[in-house]
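**Q** Coordinates in structure-v5.txt, compact mmCIF, C-alpha atoms, are listed below.
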```txt
# COMPACT_ATOMS: atom_id res chain seq x y z
CA TYR A 1 -46.45 6.51 -43.09
CA ASN A 2 -46.58 9.65 -45.23
CA ASN A 3 -47.27 12.10 -42.42
CA GLU A 4 -46.63 12.64 -38.72
CA LEU A 5 -47.00 9.31 -36.97
CA PHE A 6 -48.71 10.65 -33.83
CA ALA A 7 -51.19 13.46 -33.22
CA LEU A 8 -51.28 15.50 -30.02
CA GLY A 9 -53.83 14.06 -27.63
CA ASP A 10 -54.57 17.37 -25.89
CA ALA A 11 -55.38 19.32 -29.07
CA GLU A 12 -58.88 19.95 -30.41
CA TYR A 13 -59.84 18.45 -33.76
CA ASP A 14 -62.87 18.79 -35.98
CA GLU A 15 -65.10 15.72 -35.82
CA TYR A 16 -64.90 15.28 -39.59
CA GLN A 17 -61.09 15.08 -39.65
CA GLN A 18 -61.10 12.16 -37.23
CA ALA A 19 -61.31 8.48 -38.13
CA TRP A 20 -61.16 5.15 -36.35
CA ARG A 21 -60.83 1.44 -37.01
CA LEU A 22 -61.33 -1.80 -35.11
CA MET A 23 -58.14 -3.51 -33.96
CA GLY A 24 -59.67 -6.61 -32.36
CA PHE A 25 -60.15 -7.99 -28.84
CA ILE A 26 -57.75 -8.48 -25.94
CA VAL A 27 -57.79 -10.42 -22.66
CA ASP A 28 -56.83 -8.57 -19.48
CA CYS A 29 -56.60 -10.44 -16.17
CA ASN A 30 -55.29 -7.41 -14.27
CA PRO A 31 -57.47 -4.47 -15.31
CA MET A 32 -56.93 -1.02 -13.86
CA ASP A 33 -59.44 0.29 -11.32
CA ASP A 34 -61.27 2.55 -13.75
CA ASP A 35 -64.84 3.55 -14.50
CA ASP A 36 -65.02 1.51 -17.68
CA TYR A 37 -64.18 -1.77 -15.97
CA TYR A 38 -66.28 -1.44 -12.83
CA ASN A 39 -69.19 0.80 -13.77
CA GLN A 40 -70.13 -0.23 -17.29
CA ASN A 41 -72.74 -2.90 -17.86
CA GLY A 42 -70.22 -5.48 -19.07
CA GLY A 43 -70.20 -8.93 -17.52
CA SER A 44 -72.89 -11.54 -17.26
CA ASN A 45 -74.66 -12.49 -14.04
CA ASP A 46 -74.07 -16.10 -15.08
CA GLY A 47 -70.30 -15.69 -15.28
CA THR A 48 -67.66 -16.72 -12.77
CA ALA A 49 -66.51 -13.95 -10.46
CA ASP A 50 -62.85 -14.25 -11.44
CA GLY A 51 -63.07 -14.41 -15.23
CA CYS A 52 -60.39 -12.48 -17.12
CA ALA A 53 -61.99 -9.52 -18.88
CA ARG A 54 -62.34 -9.35 -22.64
CA TYR A 55 -61.99 -5.89 -24.14
CA VAL A 56 -62.70 -4.60 -27.62
CA LEU A 57 -59.72 -2.56 -28.87
CA TRP A 58 -59.91 0.26 -31.42
CA ALA A 59 -57.67 3.03 -32.67
CA ALA A 60 -58.41 6.70 -33.39
CA TYR A 61 -56.71 8.83 -36.04
CA VAL A 62 -56.58 12.46 -37.19
CA ASP A 63 -56.04 13.96 -40.63
CA LEU A 64 -53.72 16.90 -39.91
CA ASP A 65 -54.11 18.14 -43.51
CA TYR A 66 -57.87 18.59 -43.15
CA GLN A 67 -59.13 21.78 -44.82
CA GLY A 68 -62.62 22.07 -43.33
CA GLY A 69 -64.60 20.42 -46.11
CA GLY A 70 -66.49 17.93 -43.93
CA ILE A 71 -67.44 14.58 -45.45
CA GLY A 72 -66.99 16.00 -48.93
CA GLU A 73 -63.24 16.09 -48.43
CA TYR A 74 -62.87 12.31 -48.39
CA GLN A 75 -63.28 9.20 -50.47
CA PHE A 76 -64.01 5.92 -48.72
CA TYR A 77 -63.03 2.34 -49.41
CA ASP A 78 -66.01 0.21 -50.44
CA ALA A 79 -65.53 -3.33 -49.13
CA GLU A 80 -68.11 -4.67 -51.59
CA THR A 81 -66.70 -3.22 -54.81
CA LYS A 82 -63.06 -3.19 -53.58
CA LYS A 83 -62.79 0.37 -54.90
CA TRP A 84 -62.56 3.88 -53.50
CA ASP A 85 -65.88 5.75 -53.46
CA ASP A 86 -65.44 9.47 -54.22
CA SER A 87 -69.15 10.29 -54.49
CA ALA A 88 -69.05 12.58 -51.42
CA CYS A 89 -66.35 14.70 -53.05
CA LYS A 90 -68.33 14.92 -56.29
CA TYR A 91 -71.59 15.72 -54.51
CA THR A 92 -70.06 18.63 -52.57
CA GLY A 93 -67.69 19.77 -55.30
CA SER A 94 -64.70 19.60 -52.95
CA GLU A 95 -61.31 20.24 -54.54
CA ARG A 96 -59.60 18.01 -51.99
CA CYS A 97 -60.64 14.36 -52.14
CA ALA A 98 -58.29 12.51 -49.78
CA LYS A 99 -58.58 8.81 -49.09
CA MET A 100 -59.78 7.86 -45.61
CA ASP A 101 -57.04 5.25 -45.41
CA CYS A 102 -55.97 4.89 -41.77
CA HIS A 103 -56.00 1.09 -42.22
CA LEU A 104 -53.09 1.30 -44.67
CA GLU A 105 -49.39 1.54 -43.83
CA SER A 106 -49.09 4.40 -46.34
CA THR A 107 -51.82 6.45 -44.63
CA HIS A 108 -51.60 10.22 -44.26
CA PHE A 109 -53.62 10.02 -41.01
CA SER A 110 -51.81 10.40 -37.67
CA LEU A 111 -52.49 8.09 -34.73
CA LEU A 112 -54.40 9.74 -31.89
CA GLY A 113 -54.51 6.74 -29.55
CA PHE A 114 -55.66 3.22 -28.74
CA PHE A 115 -58.80 2.68 -26.69
CA LYS A 116 -60.33 -0.37 -25.01
CA HIS A 117 -63.89 -0.96 -23.89
CA LYS A 118 -65.04 -3.76 -21.61
CA SER A 119 -68.78 -3.47 -22.16
CA TYR A 120 -68.43 -4.74 -25.70
CA ASP A 121 -72.11 -5.61 -26.08
CA ASP A 122 -73.05 -1.98 -25.40
CA TRP A 123 -70.22 -0.87 -27.72
CA MET A 124 -71.44 -3.16 -30.50
CA GLU A 125 -75.08 -2.18 -30.01
CA GLN A 126 -74.34 1.51 -30.52
CA LEU A 127 -71.93 0.85 -33.38
CA PHE A 128 -74.26 -1.50 -35.24
CA LYS A 129 -77.23 0.79 -34.73
CA HIS A 130 -75.58 3.98 -35.95
CA GLU A 131 -72.88 2.84 -38.39
CA GLY A 132 -73.60 -0.78 -39.21
CA MET A 133 -76.64 0.24 -41.21
CA CYS A 134 -74.34 2.48 -43.29
CA VAL A 135 -71.65 -0.06 -44.17
CA TRP A 136 -73.59 -3.35 -44.26
CA THR A 137 -76.08 -4.84 -46.65
CA ASP A 138 -79.64 -5.32 -45.37
CA GLU A 139 -78.95 -9.03 -44.91
CA GLU A 140 -75.77 -8.39 -42.93
CA TYR A 141 -77.54 -5.91 -40.69
CA ALA A 142 -80.45 -8.29 -40.05
CA PHE A 143 -78.02 -11.01 -38.98
CA MET A 144 -75.57 -8.92 -36.96
CA LYS A 145 -77.98 -6.86 -34.88
CA ASN A 146 -79.34 -10.07 -33.32
CA ALA A 147 -76.19 -12.20 -33.35
CA ARG A 148 -74.26 -9.71 -31.18
CA GLU A 149 -76.49 -10.67 -28.23
CA SER A 150 -75.25 -14.27 -28.41
CA TRP A 151 -71.70 -13.59 -27.24
CA PRO A 152 -71.07 -14.20 -23.52
CA GLU A 153 -70.07 -11.32 -21.26
CA GLY A 154 -67.98 -13.27 -18.81
CA CYS A 155 -66.53 -16.73 -18.19
CA ILE A 156 -69.55 -19.07 -18.22
CA LYS A 157 -69.80 -22.59 -16.78
CA SER A 158 -71.24 -24.80 -19.52
CA GLY A 159 -72.56 -27.69 -17.43
CA LYS A 160 -70.35 -30.09 -19.40
CA TYR A 161 -67.27 -31.93 -18.14
CA THR A 162 -63.97 -33.20 -19.48
CA ALA A 163 -63.14 -36.91 -19.34
CA ASP A 164 -61.29 -36.13 -16.09
CA GLY A 165 -64.38 -34.59 -14.52
CA GLU A 166 -63.33 -30.94 -14.90
CA TYR A 167 -65.93 -28.31 -15.73
CA ILE A 168 -65.90 -26.81 -19.21
CA TYR A 169 -66.27 -23.02 -19.36
CA TYR A 170 -66.70 -20.77 -22.37
CA ASP A 171 -65.99 -17.15 -23.26
CA ILE A 172 -64.95 -14.98 -26.19
CA LYS A 173 -61.61 -16.04 -27.64
CA PRO A 174 -59.60 -13.32 -29.45
CA ILE A 175 -57.69 -14.77 -32.38
CA GLN A 176 -54.89 -13.52 -34.59
CA GLY A 177 -55.89 -10.89 -37.10
CA GLY A 178 -58.48 -9.18 -34.90
CA ASP A 179 -61.25 -11.78 -35.19
CA ILE A 180 -63.07 -13.57 -32.37
CA GLU A 181 -64.58 -16.99 -31.87
CA MET A 182 -66.03 -18.93 -28.96
CA GLY A 183 -63.39 -20.57 -26.79
CA LEU A 184 -63.69 -23.54 -24.42
CA TYR A 185 -61.67 -23.44 -21.19
CA THR A 186 -60.96 -25.57 -18.12
CA ASP A 187 -60.53 -22.79 -15.54
CA THR A 188 -62.80 -20.17 -13.99
CA GLN A 189 -60.80 -17.31 -15.52
CA CYS A 190 -61.25 -18.68 -19.05
CA ILE A 191 -57.57 -18.49 -19.93
CA THR A 192 -56.57 -22.20 -19.95
CA GLU A 193 -57.97 -23.45 -23.22
CA TYR A 194 -59.42 -26.94 -23.45
CA GLN A 195 -57.22 -29.19 -25.58
CA SER A 196 -59.20 -31.41 -27.92
CA THR A 197 -58.27 -35.10 -28.00
CA GLY A 198 -59.09 -35.43 -31.70
CA LYS A 199 -61.90 -35.61 -34.24
CA GLN A 200 -63.94 -37.98 -32.08
CA ASP A 201 -63.81 -35.68 -29.04
CA PRO A 202 -67.41 -34.70 -28.15
CA ILE A 203 -66.22 -31.53 -26.37
CA THR A 204 -66.70 -28.93 -29.12
CA VAL A 205 -68.34 -25.53 -29.22
CA GLU A 206 -71.07 -26.78 -31.54
CA ASN A 207 -71.83 -29.84 -29.39
CA ILE A 208 -72.03 -27.75 -26.22
CA LEU A 209 -73.68 -24.54 -27.47
CA GLY A 210 -75.07 -25.50 -30.85
CA ASN A 211 -75.12 -22.69 -33.41
CA PHE A 212 -75.10 -20.03 -30.70
CA LEU A 213 -75.14 -17.21 -33.28
CA LEU A 214 -78.38 -18.43 -34.82
CA GLN A 215 -80.95 -15.70 -34.30
CA LYS A 216 -84.20 -14.67 -35.90
CA GLY A 217 -83.74 -12.22 -38.76
CA ASP A 218 -86.44 -9.63 -39.46
CA TYR A 219 -86.54 -10.25 -43.20
CA TYR A 220 -84.15 -13.17 -43.68
CA ASP A 221 -84.17 -16.82 -42.67
CA PHE A 222 -80.83 -17.97 -41.24
CA TYR A 223 -82.05 -21.22 -39.68
CA ASP A 224 -80.35 -23.45 -42.24
CA ASP A 225 -76.93 -22.04 -41.30
CA THR A 226 -74.37 -24.25 -39.64
CA LEU A 227 -72.15 -22.75 -36.94
CA GLU A 228 -69.42 -22.44 -39.57
CA ASP A 229 -71.82 -20.54 -41.86
CA SER A 230 -72.86 -18.17 -39.07
CA MET A 231 -69.27 -17.53 -38.00
CA ALA A 232 -68.40 -16.71 -41.61
CA ARG A 233 -71.29 -14.23 -41.73
CA TRP A 234 -70.17 -12.62 -38.48
CA THR A 235 -66.51 -12.35 -39.46
CA SER A 236 -67.24 -10.96 -42.92
CA ALA A 237 -69.51 -8.21 -41.58
CA PHE A 238 -67.52 -7.36 -38.44
CA ASN A 239 -64.27 -7.10 -40.39
CA LYS A 240 -65.61 -4.12 -42.31
CA PHE A 241 -64.91 -2.05 -39.20
CA ARG A 242 -61.23 -2.91 -39.52
CA LEU A 243 -61.22 -0.58 -42.50
CA CYS A 244 -60.79 3.12 -41.79
CA GLN A 245 -64.14 4.56 -40.70
CA PRO A 246 -65.28 8.18 -40.26
CA CYS A 247 -66.09 9.24 -36.70
CA VAL A 248 -69.30 10.80 -38.02
CA ALA A 249 -71.52 8.04 -39.42
CA TYR A 250 -73.42 8.77 -42.60
CA ASP A 251 -74.86 6.80 -45.48
CA MET A 252 -73.46 7.68 -48.89
CA GLU A 253 -76.78 6.64 -50.48
CA ASN A 254 -79.02 8.50 -48.02
CA ILE A 255 -78.60 11.95 -49.56
CA ASP A 256 -82.20 13.10 -49.06
CA GLY A 257 -82.59 11.53 -45.58
CA THR A 258 -85.43 9.18 -46.51
CA LYS A 259 -83.58 5.87 -46.35
CA TYR A 260 -83.88 3.55 -43.30
CA MET A 261 -86.37 5.73 -41.45
CA GLY A 262 -88.92 3.03 -40.58
CA ASP A 263 -89.14 1.86 -36.96
CA ASP A 264 -89.12 -1.79 -38.00
CA TYR A 265 -85.64 -1.50 -39.49
CA TYR A 266 -84.13 -0.42 -36.20
CA GLY A 267 -86.13 -2.61 -33.89
CA GLY A 268 -88.68 -0.07 -32.78
CA ASP A 269 -87.20 3.30 -31.81
CA GLY A 270 -86.65 4.89 -35.22
CA ASN A 271 -84.01 7.20 -33.70
CA ASN A 272 -80.87 6.39 -35.64
CA ASN A 273 -79.67 9.48 -37.45
```
What is this structure when it is put down as structure tokens?
**A**
Amino acid sequence: YNNELFALGDAEYDEYQQAWRLMGFIVDCNPMDDDDYYNQNGGSNDGTADGCARYVLWAAYVDLDYQGGGIGEYQFYDAETKKWDDSACKYTGSERCAKMDCHLESTHFSLLGFFKHKSYDDWMEQLFKHEGMCVWTDEEYAFMKNARESWPEGCIKSGKYTADGEYIYYDIKPIQGGDIEMGLYTDTQCITEYQSTGKQDPITVENILGNFLLQKGDYYDFYDDTLEDSMARWTSAFNKFRLCQPCVAYDMENIDGTKYMGDDYYGGDGNNN
């Protein structure tokens, strides 16, 4: 790191000098008695009562060298072109044009803290609605805004059994690198993963749930996708949030404020500034 590793958590920072990035998901079987765990809307009514909670984990950062230039003080990494986009600096004429690079080991940003959120469907809904439309293509947005509703919010009994007569349960499975997939389990906490007996084993996610991510797209037809195709779509789009993101969402192409203003694009409310 090229700057102070940690920022003071009790200091006040301008919203434009702050950044964040997705770290991934974690499993916690002994959560603290806090408002987020007990009072948020996370958890499905269909889930077992003793399922181990899945949390989304993200990190917040601060640029201690910020000079008050707002969005015009930064250039952003474009996941599509694989290049840094300095158009905000050019548009505002800012002399400082620092990289928003908190995802890199060489970053000049300082870590503010790690945060977890149990109601990940609510978290994803707000994120997709307000920032997804800025970083995704139209096709990615059409897929993701519906696919997020397909993930379980709790340890769910599938109605299927192992060869030994044990119930099969399913829940989100965090995997290395920050990604997620659907996991199959043999216990009501969804921590003991089902062990496949081989290629001929009928107990698979696709056999039990089908292509669970397959949802209607507003302008795109995804119905020919296999589960593997849909998972690839999900991972590719969701991983963009693992890059350093501004804490104030804005669209680099929406300079005059006329882009994405139709109600149909957002699913009816049109309130997504």
**Q** If you count all atoms listed in the file, which residues fall within 9 Å of Lys240 in chain A, apart from same-chain ones fewer than 4 positions away, as a ChimeraX atom specification?
**A** /A:22,79,135-136,235-236,244-245
**Q** Would you mind reading off the distance between CA of Thr188 in chain A and CA of Cys29 in chain A, one decimal, in Å?
**A**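 Straight-line distance from CA of Thr188 in chain A to CA of Cys29 in chain A works out to 11.7 Å.
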**Q** How many Å lie between CA of Cys155 in chain A and CA of Cys52 in chain A, rounded to one decimal?
**A**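 Going from CA of Cys155 in chain A over to CA of Cys52 in chain A covers 7.5 Å.
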**Q** With distances taken over all atoms listed in the file, which of A:Gly93, A:Gly132, A:Gly183, A:Gly69 is nearest to Trp151 in chain A?
**A**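 Of the candidates, the smallest distance to Trp151 in chain A is held by A:Gly183.
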**Q** Calculated over all atoms listed in the file, which of the candidates A:Lys82, A:Asn207, A:Gln200, A:Ser230 has the smallest distance to Arg148 in chain A?
**A**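 That would be A:Ser230, the residue with the smallest distance to Arg148 in chain A.
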**Q** Mind checking which residues fall within 8 Å of Gln18 in chain A, counting all atoms listed in the file, ignoring those fewer than 3 positions away in the same chain, and posting them as a list in words?
**A**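 Contacts, with the query itself left out: Tyr13, Asp14, Glu15, Ala60, Tyr61, Val62, Asp63, Pro246 and Cys247 of chain A.
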**Q** Any idea what the distance is between CA of Thr204 in chain A and CA of Phe25 in chain A?
**A**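 Going from CA of Thr204 in chain A over to CA of Phe25 in chain A covers 21.9 Å.
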**Q** My list of candidates is A:Asp50, A:Asp179, A:Asp187, A:Asp138. Which is closest to Ser158 in chain A when distances are computed with only C-alpha atoms?
**A**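 Of A:Asp50, A:Asp179, A:Asp187, A:Asp138, the one nearest Ser158 in chain A, counting only C-alpha atoms, is A:Asp187.
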**Q** Applying 12 Å and only C-alpha atoms, which residues near Phe109 in chain A remain after dropping the ones on its own chain fewer than 3 positions away? List them as a PyMOL selection string.
**A** chain A and resi 1-7+17-21+59-66+98-106+112-113+244-246
**Q** Can you tell me which residues surround Leu184 in chain A at a distance of at most 7 Å, considering all atoms listed in the file, apart from same-chain residues fewer than 3 positions away, and format the answer as number ranges by chain?
**A** A: 168-171, 193-194, 205
**Q** For a quick check of understanding, using only C-alpha atoms, which of A:Ser94, A:Thr107, A:Thr137, A:Ser119 has the smallest distance to Asp78 in chain A?
**A**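 Of the candidates, the smallest distance to Asp78 in chain A is held by A:Thr137.
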**Q** For each of A:Asp122, A:Glu206, A:Glu140, A:Glu153, take the minimum atom-to-atom distance to Arg233 in chain A, counting all atoms listed in the file, then give the residue where this is smallest.
**A**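 Using all atoms listed in the file, the shortest distance to Arg233 in chain A belongs to A:Glu140.
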